[in-house]
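Written out below as structure tokens is the structure these notes cover.
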Amino acid sequence: MIAKVIVDVPSRGTDRPFDYEVPDKLAGWVEVGSRVGVPFGGRVVQGFVIGLAEFADVDRAKLKAISELLDHNPPLSPDLIELAQWISEKYCCTLTTALQAMIPAALKGKAETYVSLAEEEWSEAPSLLSEENEWVDYIRRSGGTVKLAALQERYPSEASAVKAAISDGRLLERVSIRDRLAVRKVLTVYPPSDPAAAHEALVLLPARAAKQREVLRFMLEQDEPLPLQRVVEEAGTTASTVRALADKGLITIREAEFNRDPYAGRSFQQTTAMSLTEEQTAVYDEISSAIDSGDSRVFLLHGVTGSGKTEVYLQSIQHCLQYGRQAIVLVPEIALTPQMVERFKGRFGDAVAVLHSRLSNGERYDEWRKIRERRAQVAVGARSAIFAPFERLGLIIIDEEHESSYKQEESPKYHARDVAVRRARQHGAVVVLGSATPSLESYAAAARSGVAVERLAQDAGSTSSDAASRTGANSPSGHPAASGKPPALLPMPNRVGGRPLPKVQLVDMRSELKNGNRSMFSRELHEALALRLERGQQSVLLLNRRGHSTFVMCRSCGYTALCPHCDISLTFHQKSRALRCHYCGYAELAPTQCPSCESEHIRFFGTGTQRVEEELSKLFPGIRVIRMDVDTTTEKGSHEKWLTMFGDRQGDVLLGTQMVAKGLDFPYVTLVGVIAADTSLHLPDFRAAEKTFQLLTQVAGRAGRHELAGEVIIQTYNPEHYAIAAAQQHDYASFVADELKHRQVMSYPPYCRLILITLSHEALPLLIATGEKLATLLREAVADMGLASAAGANGRFIDILGPVASPIPRMKDRYRFQCMLKYRGNIDATGILQDAIRMLSDRQGQPPVQISVDVDPQVIL
């Protein structure tokens with residue numbers, strides 16, 4: 001049998017299946033999706049079997065054999081292999097890169113060399129008469145096989161002897177792939193197998209063995225085996241005491257697998273289904289009917305904050321499980337709070353596996369294995385949980401579907417929404433995209449169904465046909481459903497219980513400055529905070545910028561502290577008195593005088609979350625501030641710690657970046673303050689207005705979610721901007737109508753699609769020359785196909801913009817240039833681009849310039 005293997009070598013030159021002979025001993029074990037170790041280029045590497053065949057594409061005599069099978073149970077199913085091939089084609093990445101994204105980090109094994117004794121060659125060797133035999137005896141005492149690295153470390157002076165032994169065959173060398181932290185085994189103590197005999201022995205143990213009696217009594221009370229370390233701690237003894245009992249045959253100690261459950265010891269209050277409102281019932285009925293039909297459907301659940309989307313999710317999942325199918329729930333990483341986990345664990349208990357980056361590699365592997373071994377039917381996690389190894393998927397939910405974090409910024413640069421729709425088609429599953437502020441691409445795709453168009457037309461005061469035209473209903477939007485049946489809109493415009501959306505007040509900070517207020521807090525926000533402190537209520541403050549000050553400048557000569565590796569200013573962090581680059585991590589101590597002119601007039605400008613915390617303590621002595629940003633949430637469990645403290649009312653103010661804007665539900669939060677609404681409004685990104693509107697609307701939704709009424713105060717220097725004005729009114733339709741006008745004029749999504757090509761290199765001249773060559777190849781290909789914008793027929797065209805310097809022109813000592821492909825219509829733009837990159841490589845050899853391709857980019861910096 002022949003295995004088609006994709007080797008784990010992330011190079012376009014090796015991005016194809018290689019044929020390997022399957023040894024007879026592995027013939028019954030190797031399957032599509034298996035991980036194997038294979039010889040490749042003089043070494044053993046990891047590979048993935050993507051197909052099996054009876055005959056090879058080359059002379060069978062020349063084939064090498066698979067060295068080893070890495071898993072008895074394949075980590076990848078055939079449908080995931082097919083999905084990886086689709087990702088590779090759509091997002092212009094190698095197939096091995098796509099496959100690696102689907103397995104836990106613990107399974108990304110590395111090759112290790114082992115050596116073992118050819119015993120017949122050493123049978124007559126004297127026992128310990130020479131130095132050589134010391135390392136030989138070490139191998140014997142280790143069971144006859146040791147890692148070569150361990151031998152090198154223990155006997156560094158014996159390198160020549162070991163090499164000679166390998167060369168003449170007295171030492172046998174074997175290369176094997178070993179996983180990182182895959183299965184954790186711990187010494188485990190098992191209760192007595194014969195309790196009656198153990199009770200008799202307990203009486204007979206001598207008085208001097210008091211500790212042994214305590215341990216034996218403790219183990220007789222246990223129903224299940226316990227880790228040795230836990231027995232030692234709970235019995236207040238030592239490991240040698242426990243082993244002494246094992247030596248007497250009274251208990252057993254042996255290695256056993258240990259599941260690293262991140263929620264072990266936690267109890268979750270079980271919940272039952274709540275009564276649904278009329279709006280919730282209508283949405284639930286649509287979703288459950290689609291699940292019953294077994295047809296792949298996509299729904300856009302547009303529900304305001306507090307409308308009860310989570311309860312609809314929970315009951316839809318319950319319906320899915322009743323039919324023996326499984327569900328995946330994706331939430332943005334920053335919204336994967338303990339509250340969110342508690343809701344799902346509370347409803348479905350141990351049937352839930354949680355997958356996110358704040359778990360250790362081992363914990364994530366054990367949660368993944370829980371899914372693969374069918375011990376979990378629901379996966380809750382961030383972006384990569386879309387690859388959970390379920391076999392009978394019935395429902396995929398993407399909460400806060402507008403979030404840009406669903407787009408991976410490293411290769412493979414997939415969007416979880418696209419992958420979810422593709423995977424749902426494989427399984428006949430239902431996809432629910434939920435948001436209070438859907439992305440324009442999703443809303444435009446839903447508009448093609450006519451429902452969204454009709455609603456938009458009513459809200460924006462235009463005809464349905466006009467709205468359809470404006471939303472790009474007849475043009476590709478970049479949404480995955482654009483190539484299939486468009487998503488159906490499920491509206492939930494009201495909060496549960498008829499609670500009103502919070503009142504939003506805009507404060508013009510220009511007026512504050514004119515009236516002599518130079519503080520970061522307006523008079524309105526200051527008074528509102530004081531009132532909440534007086535009432536014992538809580539507040540949430542948002543500033544989407546961490547650190548203390550955003551840049552450092554000398555007022556004498558104008559010197560600004562810049563990162564020496566990136567073209568970006570350094571951010572001042574008060575606690576460490578350090579200047580840090582938030583792109584490459586470079587840090588230096590803050591200067592006390594100007595490095596350029598030696599002036600002492602060094603000043604810190606701009607405001608970050610650290611500075612807001614400092615100012616709050618000055619204005620309100622004794623105030624309890626809990627700050628959540630990247631700097632305070634690096635330690636494992638820190639998110640849970642801070643949010644638990646705030647939920648237990650140990651904090652008066654929750655201050656943070658965008659991580660405090662989503663997924664939080666606290667009954668005593670009655671005030672939300674936005675320190676600077678304009679932080680992201682003027683970034684060089686066509687989505688800047690959309691992201692600003694979404695962030696303001698989401699954080700506003702944290703106030704007044706229960707019995708107490710909520711208030712929102714937004715501080716801004718641009719109160720007239722349509723994104724901020726629409727956020728004040730909670731008016732999504734008005735924002736969409738205004739934003740689409742701008743998108744249409746500039747021909748941006750949803751009126752076209754984009755591919756961003758970023759080139760980087762240390763040498764600027766080489767980078768510019770390569771960028772020009774690539775752009776020329778693209779323009780020639782487009783012209784030959786008659787797809788240039790001036791000649792495009794039936795609305796089909798491709799525009800090539802650039803190359804130009806990237807908005808951040810240098811990062812990590814590499815200069816950066818970019819090209820942009822804008823296209824509309826049924827065009828294989830990725831195929832055209834890949835052909836151009838191939839031609840570039842053929843003409844000048846493997847290009848030293850790094851080329852990164854981002855299809856449907858979310859960030860263009």
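Chain labels run A, B, ... following the order of the structure tokens; each chain numbers its residues from 1, and ligands are numbered from 1 in the order shown.
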
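All residues within region 661-694 of chain A that the backbone DSSP calculation assigns to alpha helix (DSSP H) are Ala688, Ala689, Glu690, Lys691, Thr692, Phe693 and Gln694 of chain A.
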
Neighbour list for Gly51 (chain A) as a list in words, cut-off 8 Å, only C-alpha atoms, skip fewer than 6 positions in-chain = Ala3, Lys4, Val5, Glu31 and Val32 of chain A

Those selected residues, please, written with N, CA and C atoms and delivered as a CSV table (one decimal), in the first residue's frame.
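Okay, this is what ended up in again.csv:
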chain,number,residue,atom,x,y,z
A,3,ALA,N,1.2,5.4,0.7
A,3,ALA,CA,0.6,6.5,1.4
A,3,ALA,C,1.0,7.8,0.8
A,4,LYS,N,0.0,8.7,0.5
A,4,LYS,CA,0.3,10.1,0.0
A,4,LYS,C,0.5,10.9,1.2
A,5,VAL,N,1.7,11.4,1.4
A,5,VAL,CA,2.1,12.1,2.6
A,5,VAL,C,2.5,13.6,2.3
A,31,GLU,N,-4.1,5.3,8.3
A,31,GLU,CA,-5.3,5.8,7.7
A,31,GLU,C,-5.2,7.2,7.1
A,32,VAL,N,-6.1,7.6,6.4
A,32,VAL,CA,-6.2,9.0,6.0
A,32,VAL,C,-6.3,9.9,7.2

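Residues with any atom within 8 Å of region 282-291 of chain A, counting only C-alpha atoms and excluding same-chain neighbours fewer than 6 positions away, are Arg297, Phe299, Leu301, Val312, Gln315, Ser316, His319, Cys320, Gly394, Leu395, Ala429, Val430, Leu490 and Pro491 of chain A.
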
Would you list the contacts of region 505-513 of chain A as a PyMOL selection string, taking every protein, DNA or RNA residue within 12 Å and counting only C-alpha atoms, but skipping same-chain residues closer than 4 positions in sequence?
-> chain A and resi 517-526+528+671-678+696+700+710-721+724-730

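Among A:Ala561, A:Met811, A:Ala424, A:Val304, the residue with the shortest atom-to-atom distance to Arg580 (chain A), counting only C-alpha atoms, is A:Ala561.
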
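You can rank A:Ile860, A:Val612, A:Gln538, A:Pro595 by their closest distance to Arg687 (chain A) using only C-alpha atoms, and at the top of that list sits A:Ile860.
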
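Shortest atom-to-atom contact with Val136 (chain A) among A:Tyr91, A:Tyr155, A:Phe48, A:Trp29: A:Tyr155, counting only C-alpha atoms.
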
Could you tell me how far CA of Ala246 (chain A) lies from CA of Arg213 (chain A), in Å and to one decimal?
-> 12.6 Å

Neighbour list for region 754-758 of chain A as a list of chain:residue names, cut-off 8 Å, only C-alpha atoms, skip fewer than 3 positions in-chain = A:Tyr748, A:Pro749, A:Ser806, A:Arg816, A:Phe817, A:Gln818, A:Cys819, A:Met820, A:Leu821, A:Lys822, A:Tyr823, A:Ile851, A:Ser852, A:Val853, A:Asp854, A:Val855, A:Asp856, A:Pro857, A:Ile860

Quick one: residues within 10 Å of region 197-201 of chain A, only C-alpha atoms counted, chain neighbours fewer than 4 positions away excluded, as a list of chain:residue names?
-> A:Pro191, A:Pro192, A:Ser193, A:Leu205, A:Pro206, A:Arg213, A:Leu216, A:Arg217, A:Met219, A:Leu220, A:Lys248, A:Gly249, A:Leu250, A:Ile251

Selection to disk with N, CA and C atoms, as a short mmCIF file (atom, residue, chain, number, x, y, z; two decimals), in the first residue's frame:
data_model
loop_
_atom_site.label_atom_id
_atom_site.label_comp_id
_atom_site.auth_asym_id
_atom_site.auth_seq_id
_atom_site.Cartn_x
_atom_site.Cartn_y
_atom_site.Cartn_z
N PRO A 191 -6.03 2.18 45.52
CA PRO A 191 -6.49 1.64 46.82
C PRO A 191 -6.25 0.13 46.89
N PRO A 192 -6.22 -0.44 48.09
CA PRO A 192 -5.98 -1.88 48.22
C PRO A 192 -7.00 -2.68 47.42
N SER A 193 -6.48 -3.68 46.68
CA SER A 193 -7.38 -4.52 45.87
C SER A 193 -8.16 -5.49 46.76
N LEU A 205 0.45 -3.68 61.66
CA LEU A 205 1.60 -2.79 61.46
C LEU A 205 2.16 -2.35 62.81
N PRO A 206 3.48 -2.36 62.99
CA PRO A 206 4.07 -2.02 64.29
C PRO A 206 3.85 -0.55 64.65
N ARG A 213 0.46 3.51 58.79
CA ARG A 213 -0.92 3.22 59.18
C ARG A 213 -1.85 4.34 58.71
N LEU A 216 -2.33 4.02 54.91
CA LEU A 216 -3.17 2.89 54.56
C LEU A 216 -4.62 3.16 54.92
N ARG A 217 -4.84 3.78 56.10
CA ARG A 217 -6.21 4.13 56.51
C ARG A 217 -6.82 5.11 55.51
N MET A 219 -6.03 5.48 52.28
CA MET A 219 -6.29 4.83 51.00
C MET A 219 -7.49 3.88 51.06
N LEU A 220 -7.75 3.32 52.25
CA LEU A 220 -8.92 2.46 52.40
C LEU A 220 -10.22 3.26 52.26
N LYS A 248 5.17 -3.69 50.49
CA LYS A 248 4.53 -4.74 51.28
C LYS A 248 3.35 -5.36 50.53
N GLY A 249 3.02 -4.81 49.35
CA GLY A 249 1.91 -5.35 48.55
C GLY A 249 0.54 -4.90 49.02
N LEU A 250 0.49 -3.89 49.92
CA LEU A 250 -0.80 -3.46 50.47
C LEU A 250 -1.50 -2.46 49.55
N ILE A 251 -0.74 -1.70 48.78
CA ILE A 251 -1.29 -0.78 47.78
C ILE A 251 -0.46 -0.92 46.51
#

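Of the residues in region 150-240 of chain A, those given strand (DSSP E) by DSSP on the backbone are Leu171, Leu172, Glu173, Arg174, Val175, Ser176, Ile177, Arg178, Lys185, Val186, Leu187, Thr188, Val189, Tyr190, Leu226 and Pro227 of chain A.
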
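The neighbours of Asn494 (chain A) here are the residues that come within 12 Å of it, using only C-alpha atoms and leaving out any residue fewer than 3 positions away in the same chain; they are Thr277, Glu278, Glu279, Gln280, His302, Gly303, Val304, Thr305, Gly306, Ser307, Gly308, Lys309, Ala436, Pro491, Gly497, Gly498, Arg499, Pro500, Leu501 and His730 of chain A.
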
Same residues, N, CA and C atoms, output as a compact mmCIF listing (two decimals), in the first residue's frame:
# COMPACT_ATOMS: atom_id res chain seq x y z
N THR A 277 -38.77 34.86 25.14
CA THR A 277 -39.68 35.92 24.71
C THR A 277 -40.22 35.57 23.33
N GLU A 278 -41.17 36.35 22.87
CA GLU A 278 -41.73 36.11 21.54
C GLU A 278 -40.65 36.21 20.47
N GLU A 279 -39.76 37.23 20.59
CA GLU A 279 -38.67 37.39 19.61
C GLU A 279 -37.73 36.20 19.66
N GLN A 280 -37.34 35.79 20.88
CA GLN A 280 -36.43 34.66 21.03
C GLN A 280 -37.04 33.38 20.48
N HIS A 302 -29.26 39.21 14.37
CA HIS A 302 -28.98 40.61 14.69
C HIS A 302 -29.80 40.98 15.92
N GLY A 303 -29.18 40.88 17.10
CA GLY A 303 -29.88 41.17 18.35
C GLY A 303 -29.15 42.22 19.14
N VAL A 304 -29.86 43.21 19.64
CA VAL A 304 -29.23 44.27 20.42
C VAL A 304 -28.61 43.69 21.68
N THR A 305 -27.70 44.44 22.30
CA THR A 305 -27.09 43.97 23.55
C THR A 305 -28.17 43.78 24.60
N GLY A 306 -28.15 42.62 25.27
CA GLY A 306 -29.15 42.34 26.30
C GLY A 306 -30.44 41.76 25.75
N SER A 307 -30.46 41.37 24.47
CA SER A 307 -31.69 40.83 23.88
C SER A 307 -31.85 39.33 24.15
N GLY A 308 -30.86 38.70 24.78
CA GLY A 308 -30.98 37.29 25.13
C GLY A 308 -30.46 36.34 24.07
N LYS A 309 -29.44 36.76 23.33
CA LYS A 309 -28.88 35.88 22.30
C LYS A 309 -28.30 34.60 22.90
N ALA A 436 -24.75 42.31 17.83
CA ALA A 436 -25.57 43.53 17.91
C ALA A 436 -25.17 44.50 16.82
N PRO A 491 -33.94 39.00 13.28
CA PRO A 491 -33.82 40.20 14.11
C PRO A 491 -34.32 39.99 15.54
N GLY A 497 -37.30 41.46 28.78
CA GLY A 497 -38.03 42.14 29.86
C GLY A 497 -38.41 43.57 29.52
N GLY A 498 -38.22 43.95 28.26
CA GLY A 498 -38.58 45.31 27.87
C GLY A 498 -37.69 46.38 28.46
N ARG A 499 -36.51 45.97 28.98
CA ARG A 499 -35.60 46.97 29.56
C ARG A 499 -35.11 47.91 28.46
N PRO A 500 -35.02 49.19 28.76
CA PRO A 500 -34.57 50.13 27.73
C PRO A 500 -33.07 50.05 27.51
N LEU A 501 -32.64 50.37 26.32
CA LEU A 501 -31.21 50.54 26.08
C LEU A 501 -30.74 51.76 26.84
N HIS A 730 -27.99 54.25 19.24
CA HIS A 730 -28.09 52.79 19.05
C HIS A 730 -28.71 52.50 17.69

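The closest residue to Phe268 (chain A), picked from A:Gln339, A:Thr571, A:Ser11, A:Ser841 and counting only C-alpha atoms, is A:Gln339.
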
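In this structure, CA of Ile371 (chain A) sits 10.5 Å away from CA of Leu355 (chain A).
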
Measuring atom to atom with only C-alpha atoms, identify which of A:Leu433, A:Leu148, A:Leu314, A:Cys92 is nearest to Leu276 (chain A).
-> A:Leu314

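Between CA of Val432 (chain A) and CA of Leu80 (chain A) the interatomic distance comes to 20.6 Å.
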